[in-house]
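Source file: coords.cif. Holds: mmCIF, C-alpha atoms.
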```cif
data_target
loop_
_atom_site.group_PDB
_atom_site.id
_atom_site.type_symbol
_atom_site.label_atom_id
_atom_site.label_comp_id
_atom_site.auth_asym_id
_atom_site.auth_seq_id
_atom_site.Cartn_x
_atom_site.Cartn_y
_atom_site.Cartn_z
ATOM 1 C CA MET A 1 17.094 -9.546 54.089
ATOM 2 C CA SER A 2 14.329 -7.536 52.423
ATOM 3 C CA ASP A 3 10.865 -9.082 52.119
ATOM 4 C CA LEU A 4 10.139 -7.044 48.990
ATOM 5 C CA PRO A 5 9.697 -9.060 45.796
ATOM 6 C CA TYR A 6 12.440 -8.962 43.217
ATOM 7 C CA GLN A 7 12.073 -6.446 40.412
ATOM 8 C CA GLN A 8 13.972 -8.615 37.891
ATOM 9 C CA ILE A 9 13.401 -12.014 36.378
ATOM 10 C CA VAL A 10 15.922 -14.217 34.589
ATOM 11 C CA LEU A 11 14.262 -16.453 32.007
ATOM 12 C CA THR A 12 16.104 -19.525 33.204
ATOM 13 C CA HIS A 13 13.830 -21.839 31.220
ATOM 14 C CA TRP A 14 15.518 -20.687 27.972
ATOM 15 C CA ASN A 15 18.509 -22.812 29.008
ATOM 16 C CA ALA A 16 18.873 -25.469 26.300
ATOM 17 C CA GLY A 17 19.649 -28.134 28.905
ATOM 18 C CA VAL A 18 16.194 -27.875 30.487
ATOM 19 C CA PHE A 19 14.081 -26.374 27.695
ATOM 20 C CA ARG A 20 10.827 -28.022 26.632
ATOM 21 C CA SER A 21 9.679 -27.498 23.058
ATOM 22 C CA ALA A 22 6.039 -27.275 24.173
ATOM 23 C CA SER A 23 6.785 -23.844 25.652
ATOM 24 C CA LEU A 24 8.081 -22.460 22.334
ATOM 25 C CA PRO A 25 4.788 -20.838 21.163
ATOM 26 C CA GLN A 26 4.587 -18.862 24.418
ATOM 27 C CA LEU A 27 8.141 -17.482 24.408
ATOM 28 C CA LEU A 28 7.492 -14.166 22.696
ATOM 29 C CA PRO A 29 4.063 -13.424 24.229
ATOM 30 C CA GLU A 30 5.409 -14.079 27.720
ATOM 31 C CA LEU A 31 8.181 -11.532 27.172
ATOM 32 C CA VAL A 32 5.542 -8.833 26.890
ATOM 33 C CA ILE A 33 3.712 -10.134 29.953
ATOM 34 C CA TYR A 34 6.864 -10.226 32.062
ATOM 35 C CA SER A 35 7.746 -6.684 30.991
ATOM 36 C CA LEU A 36 4.527 -5.609 32.711
ATOM 37 C CA LEU A 37 5.424 -7.396 35.920
ATOM 38 C CA TYR A 38 9.148 -6.692 36.241
ATOM 39 C CA ASN A 39 11.471 -3.753 35.770
ATOM 40 C CA GLU A 40 13.973 -6.018 34.036
ATOM 41 C CA VAL A 41 13.348 -9.129 31.951
ATOM 42 C CA LEU A 42 16.725 -10.811 31.498
ATOM 43 C CA ILE A 43 17.962 -13.493 29.106
ATOM 44 C CA ARG A 44 21.396 -15.020 29.538
ATOM 45 C CA GLU A 45 23.425 -14.788 26.346
ATOM 46 C CA GLU A 46 24.410 -18.441 26.397
ATOM 47 C CA ASP A 47 20.785 -19.562 26.723
ATOM 48 C CA LEU A 48 19.814 -17.607 23.630
ATOM 49 C CA LEU A 49 22.879 -18.623 21.619
ATOM 50 C CA THR A 50 22.857 -22.377 22.278
ATOM 51 C CA ASN A 51 19.122 -23.080 22.306
ATOM 52 C CA ARG A 52 18.477 -24.192 18.729
ATOM 53 C CA ALA A 53 14.714 -24.166 19.178
ATOM 54 C CA VAL A 54 14.938 -20.471 20.075
ATOM 55 C CA THR A 55 17.380 -19.566 17.297
ATOM 56 C CA ARG A 56 15.112 -21.251 14.748
ATOM 57 C CA LEU A 57 12.157 -19.314 16.153
ATOM 58 C CA LEU A 58 14.013 -16.016 15.840
ATOM 59 C CA SER A 59 15.195 -16.801 12.321
ATOM 60 C CA ASP A 60 11.633 -16.140 11.232
ATOM 61 C CA GLU A 61 11.495 -12.463 10.222
ATOM 62 C CA ASN A 62 8.205 -11.722 11.977
ATOM 63 C CA ASN A 63 9.410 -13.255 15.227
ATOM 64 C CA PHE A 64 12.731 -11.451 15.007
ATOM 65 C CA THR A 65 10.942 -8.140 14.486
ATOM 66 C CA VAL A 66 8.996 -8.602 17.717
ATOM 67 C CA PHE A 67 12.080 -9.725 19.635
ATOM 68 C CA SER A 68 14.218 -6.865 18.329
ATOM 69 C CA GLU A 69 11.538 -4.336 19.307
ATOM 70 C CA LEU A 70 11.569 -5.672 22.853
ATOM 71 C CA LEU A 71 15.359 -5.388 22.975
ATOM 72 C CA THR A 72 15.661 -1.923 21.463
ATOM 73 C CA SER A 73 12.970 -0.568 23.778
ATOM 74 C CA GLY A 74 14.796 -1.988 26.811
ATOM 75 C CA LEU A 75 11.849 -4.134 27.851
ATOM 76 C CA VAL A 76 14.030 -7.229 27.510
ATOM 77 C CA LYS A 77 17.795 -7.315 28.061
ATOM 78 C CA LEU A 78 20.564 -9.745 27.268
ATOM 79 C CA LEU A 79 22.799 -10.556 30.228
ATOM 80 C CA ARG A 80 26.385 -10.334 29.013
ATOM 81 C CA LEU A 81 29.735 -11.511 30.321
ATOM 82 C CA PRO A 82 31.956 -8.687 31.625
ATOM 83 C CA LEU A 83 34.643 -7.567 29.191
ATOM 84 C CA GLU A 84 37.476 -8.735 31.448
ATOM 85 C CA ILE A 85 36.377 -12.357 30.932
ATOM 86 C CA TYR A 86 37.517 -12.255 27.317
ATOM 87 C CA PRO A 87 41.232 -12.922 26.735
ATOM 88 C CA PRO A 88 43.125 -10.741 24.229
ATOM 89 C CA GLY A 89 43.836 -11.879 20.703
ATOM 90 C CA ARG A 90 40.388 -13.199 19.860
ATOM 91 C CA ARG A 91 38.850 -12.878 16.420
ATOM 92 C CA PHE A 92 35.852 -10.860 17.617
ATOM 93 C CA ASP A 93 36.090 -7.684 19.696
ATOM 94 C CA PRO A 94 33.589 -7.887 22.601
ATOM 95 C CA VAL A 95 33.020 -4.125 22.388
ATOM 96 C CA ARG A 96 32.269 -3.877 18.669
ATOM 97 C CA LEU A 97 30.791 -7.376 18.238
ATOM 98 C CA PRO A 98 29.480 -8.363 21.685
ATOM 99 C CA VAL A 99 27.261 -11.263 20.640
ATOM 100 C CA SER A 100 29.739 -12.745 18.160
ATOM 101 C CA SER A 101 32.497 -12.561 20.772
ATOM 102 C CA ARG A 102 30.268 -14.443 23.211
ATOM 103 C CA VAL A 103 29.638 -17.068 20.539
ATOM 104 C CA GLU A 104 33.389 -17.435 20.041
ATOM 105 C CA GLU A 105 33.949 -17.742 23.790
ATOM 106 C CA HIS A 106 31.361 -20.482 24.086
ATOM 107 C CA GLN A 107 32.701 -22.347 21.092
ATOM 108 C CA LEU A 108 36.294 -22.292 22.379
ATOM 109 C CA ARG A 109 35.960 -22.801 26.131
ATOM 110 C CA ARG A 110 32.449 -23.942 26.984
ATOM 111 C CA THR A 111 30.017 -26.687 26.025
ATOM 112 C CA TYR A 112 26.492 -27.611 25.055
ATOM 113 C CA LYS A 113 25.332 -30.293 27.517
ATOM 114 C CA GLY A 114 28.933 -31.382 27.999
ATOM 115 C CA LYS A 115 29.666 -31.575 24.262
ATOM 116 C CA SER A 116 31.511 -29.262 21.917
ATOM 117 C CA TRP A 117 29.251 -26.659 20.344
ATOM 118 C CA LYS A 118 29.456 -24.909 16.986
ATOM 119 C CA PRO A 119 26.902 -22.487 15.514
ATOM 120 C CA THR A 120 25.350 -23.038 12.106
ATOM 121 C CA SER A 121 25.613 -20.547 9.240
ATOM 122 C CA SER A 122 22.005 -19.419 9.754
ATOM 123 C CA GLU A 123 22.688 -18.883 13.447
ATOM 124 C CA TRP A 124 25.698 -16.711 12.580
ATOM 125 C CA GLN A 125 23.358 -14.527 10.513
ATOM 126 C CA LEU A 126 21.085 -14.139 13.526
ATOM 127 C CA PHE A 127 24.001 -13.367 15.839
ATOM 128 C CA ARG A 128 25.319 -10.647 13.520
ATOM 129 C CA ARG A 129 21.907 -8.978 13.569
ATOM 130 C CA LEU A 130 21.918 -9.123 17.356
ATOM 131 C CA ASP A 131 25.405 -7.566 17.335
ATOM 132 C CA GLU A 132 23.953 -4.526 15.577
ATOM 133 C CA ILE A 133 21.148 -4.172 18.097
ATOM 134 C CA VAL A 134 23.310 -4.545 21.195
ATOM 135 C CA THR A 135 25.949 -2.074 19.978
ATOM 136 C CA LYS A 136 23.406 0.490 18.776
ATOM 137 C CA TYR A 137 21.026 0.297 21.742
ATOM 138 C CA PRO A 138 22.724 0.201 25.173
ATOM 139 C CA SER A 139 19.363 -0.525 26.811
ATOM 140 C CA ALA A 140 19.217 -3.883 24.996
ATOM 141 C CA SER A 141 21.750 -5.493 27.342
ATOM 142 C CA ARG A 142 23.687 -5.199 30.549
ATOM 143 C CA TYR A 143 26.588 -7.013 32.170
ATOM 144 C CA HIS A 144 25.729 -9.644 34.721
ATOM 145 C CA SER A 145 26.739 -9.171 38.337
ATOM 146 C CA SER A 146 30.258 -9.962 39.475
ATOM 147 C CA PHE A 147 31.149 -13.563 40.180
ATOM 148 C CA PRO A 148 31.418 -14.252 43.927
ATOM 149 C CA PRO A 149 34.567 -15.850 45.338
ATOM 150 C CA GLY A 150 34.768 -19.613 45.331
ATOM 151 C CA ASN A 151 32.255 -21.845 43.598
ATOM 152 C CA PRO A 152 28.764 -21.345 45.105
ATOM 153 C CA PHE A 153 27.295 -23.805 42.598
ATOM 154 C CA ALA A 154 29.476 -26.694 43.778
ATOM 155 C CA ALA A 155 29.008 -25.725 47.435
ATOM 156 C CA GLN A 156 25.201 -25.681 47.142
ATOM 157 C CA LEU A 157 25.040 -28.917 45.164
ATOM 158 C CA ALA A 158 27.299 -30.678 47.682
ATOM 159 C CA ASP A 159 25.213 -29.446 50.624
ATOM 160 C CA ILE A 160 22.004 -30.806 49.101
ATOM 161 C CA LEU A 161 23.566 -34.164 48.251
ATOM 162 C CA GLU A 162 25.299 -34.582 51.608
ATOM 163 C CA ASN A 163 22.063 -33.779 53.454
ATOM 164 C CA ARG A 164 19.632 -35.356 51.020
ATOM 165 C CA GLU A 165 17.552 -36.894 53.804
ATOM 166 C CA SER A 166 16.857 -33.556 55.516
ATOM 167 C CA TYR A 167 16.229 -31.939 52.118
ATOM 168 C CA GLY A 168 13.623 -34.624 51.476
ATOM 169 C CA LEU A 169 15.191 -35.945 48.283
ATOM 170 C CA PRO A 170 14.152 -39.601 48.917
ATOM 171 C CA SER A 171 10.485 -38.547 48.768
ATOM 172 C CA HIS A 172 10.858 -35.799 46.171
ATOM 173 C CA PRO A 173 8.842 -36.519 42.977
ATOM 174 C CA VAL A 174 11.898 -35.865 40.767
ATOM 175 C CA PHE A 175 14.965 -36.521 42.889
ATOM 176 C CA ARG A 176 13.808 -39.664 44.701
ATOM 177 C CA TYR A 177 15.272 -41.672 41.815
ATOM 178 C CA LEU A 178 18.772 -40.287 42.420
ATOM 179 C CA ASP A 179 21.173 -43.177 42.993
ATOM 180 C CA ASP A 180 23.299 -43.058 46.170
ATOM 181 C CA LYS A 181 26.440 -43.938 44.233
ATOM 182 C CA THR A 182 25.891 -40.995 41.916
ATOM 183 C CA ALA A 183 25.105 -38.653 44.802
ATOM 184 C CA ASP A 184 28.213 -39.645 46.784
ATOM 185 C CA GLN A 185 30.447 -39.399 43.731
ATOM 186 C CA PHE A 186 29.166 -35.924 42.955
ATOM 187 C CA VAL A 187 29.832 -34.797 46.500
ATOM 188 C CA THR A 188 33.464 -35.742 45.889
ATOM 189 C CA PHE A 189 33.495 -33.784 42.627
ATOM 190 C CA CYS A 190 32.106 -30.722 44.415
ATOM 191 C CA ARG A 191 34.477 -30.871 47.387
ATOM 192 C CA ASP A 192 37.652 -31.811 45.520
ATOM 193 C CA PRO A 193 38.166 -29.449 42.529
ATOM 194 C CA GLY A 194 40.329 -31.895 40.588
ATOM 195 C CA ALA A 195 38.347 -35.055 41.277
ATOM 196 C CA TRP A 196 36.019 -34.788 38.296
ATOM 197 C CA GLN A 197 38.874 -34.607 35.790
ATOM 198 C CA ARG A 198 40.650 -37.574 37.402
ATOM 199 C CA PHE A 199 37.367 -39.488 37.227
ATOM 200 C CA LEU A 200 37.024 -38.821 33.501
ATOM 201 C CA TYR A 201 40.645 -39.750 32.827
ATOM 202 C CA GLY A 202 39.964 -43.018 34.644
ATOM 203 C CA LYS A 203 37.002 -43.636 32.345
ATOM 204 C CA GLY A 204 39.196 -43.202 29.284
ATOM 205 C CA VAL A 205 38.295 -39.607 28.438
ATOM 206 C CA LYS A 206 41.552 -38.184 27.138
ATOM 207 C CA SER A 207 40.520 -34.557 26.707
ATOM 208 C CA PRO A 208 37.761 -33.400 29.074
ATOM 209 C CA ILE A 209 36.225 -30.054 28.121
ATOM 210 C CA VAL A 210 37.428 -27.665 30.803
ATOM 211 C CA GLY A 211 36.020 -24.179 31.373
ATOM 212 C CA PRO A 212 38.021 -21.001 31.943
ATOM 213 C CA ASP A 213 38.937 -21.833 35.570
ATOM 214 C CA ALA A 214 38.708 -25.651 35.336
ATOM 215 C CA GLY A 215 36.142 -25.688 38.157
ATOM 216 C CA PHE A 216 33.299 -28.109 38.685
ATOM 217 C CA TYR A 217 30.358 -26.540 36.874
ATOM 218 C CA ARG A 218 27.518 -27.725 34.627
ATOM 219 C CA SER A 219 29.796 -28.790 31.786
ATOM 220 C CA ALA A 220 31.607 -31.133 34.163
ATOM 221 C CA VAL A 221 28.261 -32.412 35.473
ATOM 222 C CA TYR A 222 27.175 -33.490 31.995
ATOM 223 C CA GLN A 223 30.495 -35.128 31.170
ATOM 224 C CA CYS A 224 30.719 -37.077 34.451
ATOM 225 C CA SER A 225 27.061 -38.112 34.608
ATOM 226 C CA ASP A 226 27.472 -40.109 31.391
ATOM 227 C CA PHE A 227 29.354 -42.712 33.446
ATOM 228 C CA LEU A 228 27.025 -42.922 36.459
ATOM 229 C CA PRO A 229 23.484 -44.194 37.195
ATOM 230 C CA THR A 230 20.405 -41.933 37.163
ATOM 231 C CA ARG A 231 22.105 -39.253 35.088
ATOM 232 C CA ARG A 232 18.858 -37.422 34.286
ATOM 233 C CA ALA A 233 18.070 -36.897 37.965
ATOM 234 C CA ILE A 234 21.523 -35.508 38.801
ATOM 235 C CA ARG A 235 21.467 -33.272 35.732
ATOM 236 C CA ARG A 236 18.076 -31.828 36.670
ATOM 237 C CA LEU A 237 19.296 -31.198 40.187
ATOM 238 C CA ALA A 238 22.515 -29.568 38.951
ATOM 239 C CA GLU A 239 20.670 -27.355 36.471
ATOM 240 C CA SER A 240 18.213 -26.325 39.181
ATOM 241 C CA VAL A 241 21.034 -25.483 41.582
ATOM 242 C CA TYR A 242 22.799 -23.477 38.895
ATOM 243 C CA ALA A 243 19.620 -21.504 38.133
ATOM 244 C CA ALA A 244 19.042 -20.787 41.823
ATOM 245 C CA VAL A 245 22.619 -19.637 42.410
ATOM 246 C CA TYR A 246 22.559 -17.491 39.275
ATOM 247 C CA CYS A 247 19.279 -15.813 40.218
ATOM 248 C CA GLU A 248 20.528 -15.175 43.731
ATOM 249 C CA ARG A 249 23.596 -13.448 42.332
ATOM 250 C CA GLU A 250 21.401 -11.250 40.135
ATOM 251 C CA SER A 251 18.859 -10.658 42.948
ATOM 252 C CA SER A 252 16.159 -11.845 40.584
ATOM 253 C CA ASP A 253 13.339 -14.308 40.222
ATOM 254 C CA GLY A 254 13.737 -17.278 37.887
ATOM 255 C CA ARG A 255 11.349 -18.872 35.429
ATOM 256 C CA TYR A 256 10.740 -22.552 36.213
ATOM 257 C CA GLY A 257 7.563 -23.551 34.423
ATOM 258 C CA GLY A 258 7.771 -25.160 31.001
ATOM 259 C CA SER A 259 11.202 -26.651 31.642
ATOM 260 C CA ASP A 260 13.016 -29.403 33.526
ATOM 261 C CA LEU A 261 14.047 -26.954 36.242
ATOM 262 C CA VAL A 262 12.757 -27.635 39.742
ATOM 263 C CA GLU A 263 12.638 -25.201 42.637
ATOM 264 C CA LEU A 264 15.134 -26.405 45.190
ATOM 265 C CA PRO A 265 13.684 -28.267 48.184
ATOM 266 C CA TYR A 266 13.845 -26.675 51.609
ATOM 267 C CA ARG A 267 16.060 -28.264 54.234
ATOM 268 C CA TYR A 268 14.266 -29.167 57.446
ATOM 269 C CA HIS A 269 16.614 -29.649 60.377
ATOM 270 C CA SER A 270 14.224 -31.934 62.237
ATOM 271 C CA GLU A 271 11.100 -33.971 61.608
ATOM 272 C CA ARG A 272 9.227 -31.724 64.019
ATOM 273 C CA GLU A 273 10.108 -28.670 61.927
ATOM 274 C CA ARG A 274 8.815 -30.431 58.824
ATOM 275 C CA THR A 275 5.545 -31.455 60.525
ATOM 276 C CA THR A 276 4.970 -27.925 61.853
ATOM 277 C CA ALA A 277 5.500 -26.431 58.393
ATOM 278 C CA ILE A 278 2.967 -28.826 56.858
ATOM 279 C CA GLU A 279 0.399 -28.072 59.568
ATOM 280 C CA ASP A 280 0.865 -24.317 59.126
ATOM 281 C CA ALA A 281 0.436 -24.651 55.361
ATOM 282 C CA VAL A 282 -2.813 -26.557 55.817
ATOM 283 C CA ARG A 283 -4.166 -23.743 58.035
ATOM 284 C CA ILE A 284 -3.477 -21.017 55.466
ATOM 285 C CA GLU A 285 -6.756 -19.337 54.507
ATOM 286 C CA ILE A 286 -7.211 -17.615 51.152
ATOM 287 C CA VAL A 287 -9.108 -14.340 51.574
ATOM 288 C CA PRO A 288 -10.433 -12.490 48.509
ATOM 289 C CA THR A 289 -9.383 -8.874 48.193
ATOM 290 C CA HIS A 290 -9.513 -5.996 45.732
ATOM 291 C CA ALA A 291 -6.714 -4.118 43.995
ATOM 292 C CA ALA A 292 -6.427 -1.485 41.310
ATOM 293 C CA ALA A 293 -3.812 -1.129 38.624
ATOM 294 C CA SER A 294 -3.097 1.669 36.212
ATOM 295 C CA ILE A 295 -1.622 0.403 32.949
ATOM 296 C CA SER A 296 -0.845 2.587 29.947
ATOM 297 C CA ALA A 297 -0.271 1.330 26.426
ATOM 298 C CA ARG A 298 2.007 2.955 23.895
ATOM 299 C CA GLN A 299 2.933 2.248 20.304
ATOM 300 C CA GLN A 300 6.610 1.962 19.457
ATOM 301 C CA ARG A 301 7.808 1.329 15.924
ATOM 302 C CA GLY A 302 4.767 -0.743 15.074
ATOM 303 C CA LEU A 303 4.809 -2.968 18.168
ATOM 304 C CA PRO A 304 2.045 -2.462 20.741
ATOM 305 C CA VAL A 305 3.710 -2.448 24.123
ATOM 306 C CA ALA A 306 2.041 -2.048 27.495
ATOM 307 C CA ARG A 307 3.990 -0.813 30.482
ATOM 308 C CA ARG A 308 3.098 -0.990 34.148
ATOM 309 C CA ASP A 309 2.587 2.399 35.755
ATOM 310 C CA ALA A 310 1.635 1.261 39.229
ATOM 311 C CA PHE A 311 0.380 -1.728 41.120
#
```
Step by step, read the file and then write its structure as structure tokens.
Amino acid sequence: MSDLPYQQIVLTHWNAGVFRSASLPQLLPELVIYSLLYNEVLIREEDLLTNRAVTRLLSDENNFTVFSELLTSGLVKLLRLPLEIYPPGRRFDPVRLPVSSRVEEHQLRRTYKGKSWKPTSSEWQLFRRLDEIVTKYPSASRYHSSFPPGNPFAAQLADILENRESYGLPSHPVFRYLDDKTADQFVTFCRDPGAWQRFLYGKGVKSPIVGPDAGFYRSAVYQCSDFLPTRRAIRRLAESVYAAVYCERESSDGRYGGSDLVELPYRYHSERERTTAIEDAVRIEIVPTHAAASISARQQRGLPVARRDAF
């Protein structure tokens, strides 16, 4: 594995399930900053579409102007579902109306925090404007990487829950509150693909919201956690696992600050390994150094944009 830093970042903190409103004023300025640091600044379509704080922000004409400039210049890109994901016979063509087709897909087969989701009329106006940008400017978006076989999300979540002692969950500032009953039940959901639906049927849920492949993903996490203790802790863990798996698939960094996302704990295979790591960290010495950077600024359609030339 390469030790080089990633050249992409996925703004995982835009996810409505973990978003904190206090970060809203920094959303647009940080896009410019990240465009200096990374070759690609990526926003998942679903995070933009379902985050009502963000859609309200972009409904303001001045904010939309800045955001559209970043998209059309290719400094920020929307991560889109591949065309083969969309079944035939839909109202919106994913080639001619890529954003609207993604909205339709989410409305029909996906959820917002485990609940049905429907866009407002003002959001539809925003989405139609984004349709025009994405179709006119290819640099404004790209397809996300291919899905790997199996369900890496469920596999990773199960591994952490099954080995929660060696991952340090009982002493973790967020996950120490996770109830054992909830953890064990979620291991079953992860290992047995049909267990989560049977669980919901047993709780009286007649029509669980099932995704395209009926697998155990975030939507199922939200629906099942409503019936178990410490639901906030398991949701934060699941969202953090999903972000980590997604970023790994895209070979990118993720954005964790200003949200409920938590970087996943490291698994120590012995207490000695843990102690050694702590001792090594204590011995780390910070040494001041000097570096030079050449940064050029250019004006594009009224928006001042700085690009990194070299670091």
**OP:** Record the distance separating CA of Ser240 in chain A and CA of Gln197 in chain A, expressed in Å with one decimal.
**Re:** 22.5 Å
Original post:
So which one's closest to Tyr137 in chain A, A:Leu157, A:Leu81, A:Val76, A:Ala183? Using all atoms listed in the file, please.
Top reply: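 Comparing A:Leu157, A:Leu81, A:Val76, A:Ala183 against Tyr137 in chain A, the winner is A:Val76.
If you look at CA of Pro98 in chain A and CA of Lys77 in chain A, they are 13.4 Å away from each other.
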Subject >> Given the PyMOL selection byres ((chain A and resi 228) around 9), the residues it picks as a list in words >> reply: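 Written out, the selection comes to Asp179, Lys181, Thr182, Gln185, Cys224, Ser225, Asp226, Phe227, Pro229, Thr230 and Arg231 of chain A.
Between Pro170 in chain A and the residues A:Tyr222, A:Pro265, A:Gly202, A:Ser251, the shortest atom-to-atom distance, using all atoms listed in the file, involves A:Pro265.
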Original post:
How many Å separate CA of Glu84 in chain A from CA of Glu45 in chain A?
Top reply: 16.1 Å
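Comparing A:Ala53, A:Ala214, A:Leu36, A:Val187 by their smallest distance to Trp14 in chain A, the closest is A:Ala53 (using only C-alpha atoms).
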Original post:
Just so the selection is clear, what residues does the PyMOL selection byres ((chain A and resi 82) around 9) cover here, as a ChimeraX atom specification?
Top reply: /A:80-81,83-86,143-146
List the residues selected by the PyMOL selection byres ((chain A and resi 66) around 10) in the file shown, writing them as a tab-separated table (two decimals) with C-alpha atoms, keeping the file's coordinate frame.
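What follows is the written file expr-v6.tsv:
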```
chain	number	residue	atom	x	y	z
A	28	LEU	CA	7.49	-14.17	22.70
A	29	PRO	CA	4.06	-13.42	24.23
A	31	LEU	CA	8.18	-11.53	27.17
A	32	VAL	CA	5.54	-8.83	26.89
A	58	LEU	CA	14.01	-16.02	15.84
A	61	GLU	CA	11.50	-12.46	10.22
A	62	ASN	CA	8.20	-11.72	11.98
A	63	ASN	CA	9.41	-13.26	15.23
A	64	PHE	CA	12.73	-11.45	15.01
A	65	THR	CA	10.94	-8.14	14.49
A	67	PHE	CA	12.08	-9.72	19.64
A	68	SER	CA	14.22	-6.86	18.33
A	69	GLU	CA	11.54	-4.34	19.31
A	70	LEU	CA	11.57	-5.67	22.85
A	71	LEU	CA	15.36	-5.39	22.98
A	302	GLY	CA	4.77	-0.74	15.07
A	303	LEU	CA	4.81	-2.97	18.17
A	304	PRO	CA	2.04	-2.46	20.74
```
Original post:
From the list A:Leu11, A:Leu42, A:Val134, A:Leu126, which residue is nearest Gly254 in chain A when using only C-alpha atoms?
Top reply: A:Leu11
Original post:
Restricting the calculation to only C-alpha atoms, which member of A:Tyr167, A:Phe127, A:Tyr246, A:Phe189 is positioned closest to Val10 in chain A?
Top reply: A:Tyr246
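The smallest atom-to-atom distance between Lys113 in chain A and any of A:Leu161, A:Ala243, A:Val221, A:Val54, using all atoms listed in the file, is found for A:Val221.
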**OP:** Find the residues near Asn39 in chain A: any atom within 8 Å, counting all atoms listed in the file, skip ones fewer than 6 places away on the same chain, and give them as a list of chain:residue names.
**Re:** A:Gln7, A:Gln8, A:Leu75
Original post:
Which polymer residues have any atom within 12 Å of an atom of Leu169 in chain A, counting only C-alpha atoms, with same-chain residues fewer than 2 positions away left out, as a list in words?
Top reply: Ile160, Leu161, Glu162, Asn163, Arg164, Glu165, Ser166, Tyr167, Ser171, His172, Pro173, Val174, Phe175, Arg176, Tyr177, Leu178, Asp179, Asp180, Ala183, Ala233, Ile234, Leu237, Leu264, Pro265, Tyr266, Arg267 and Tyr268 of chain A
Is there a way to complete range 239-251 of chain A with N, CA and C atoms and then write that out as a short mmCIF file (atom, residue, chain, number, x, y, z; two decimals), in the frame of the given file?
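Output (rebuild-v4.cif):
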```cif
data_model
loop_
_atom_site.label_atom_id
_atom_site.label_comp_id
_atom_site.auth_asym_id
_atom_site.auth_seq_id
_atom_site.Cartn_x
_atom_site.Cartn_y
_atom_site.Cartn_z
N GLU A 239 21.19 -28.51 37.20
CA GLU A 239 20.67 -27.36 36.47
C GLU A 239 19.82 -26.47 37.38
N SER A 240 19.06 -27.09 38.26
CA SER A 240 18.21 -26.32 39.18
C SER A 240 19.05 -25.56 40.19
N VAL A 241 20.13 -26.17 40.67
CA VAL A 241 21.03 -25.48 41.58
C VAL A 241 21.70 -24.32 40.87
N TYR A 242 22.14 -24.55 39.65
CA TYR A 242 22.80 -23.48 38.90
C TYR A 242 21.85 -22.30 38.70
N ALA A 243 20.60 -22.58 38.33
CA ALA A 243 19.62 -21.50 38.13
C ALA A 243 19.39 -20.73 39.42
N ALA A 244 19.28 -21.44 40.54
CA ALA A 244 19.04 -20.79 41.82
C ALA A 244 20.22 -19.91 42.23
N VAL A 245 21.43 -20.41 42.06
CA VAL A 245 22.62 -19.64 42.41
C VAL A 245 22.75 -18.42 41.51
N TYR A 246 22.47 -18.60 40.23
CA TYR A 246 22.56 -17.49 39.28
C TYR A 246 21.55 -16.40 39.63
N CYS A 247 20.31 -16.80 39.89
CA CYS A 247 19.28 -15.81 40.22
C CYS A 247 19.58 -15.09 41.53
N GLU A 248 20.15 -15.81 42.47
CA GLU A 248 20.53 -15.18 43.73
C GLU A 248 21.60 -14.11 43.49
N ARG A 249 22.55 -14.41 42.63
CA ARG A 249 23.60 -13.45 42.33
C ARG A 249 23.03 -12.20 41.66
N GLU A 250 22.01 -12.38 40.83
CA GLU A 250 21.40 -11.25 40.14
C GLU A 250 20.27 -10.61 40.94
N SER A 251 19.99 -11.15 42.13
CA SER A 251 18.86 -10.66 42.95
C SER A 251 17.57 -10.65 42.12
#
```
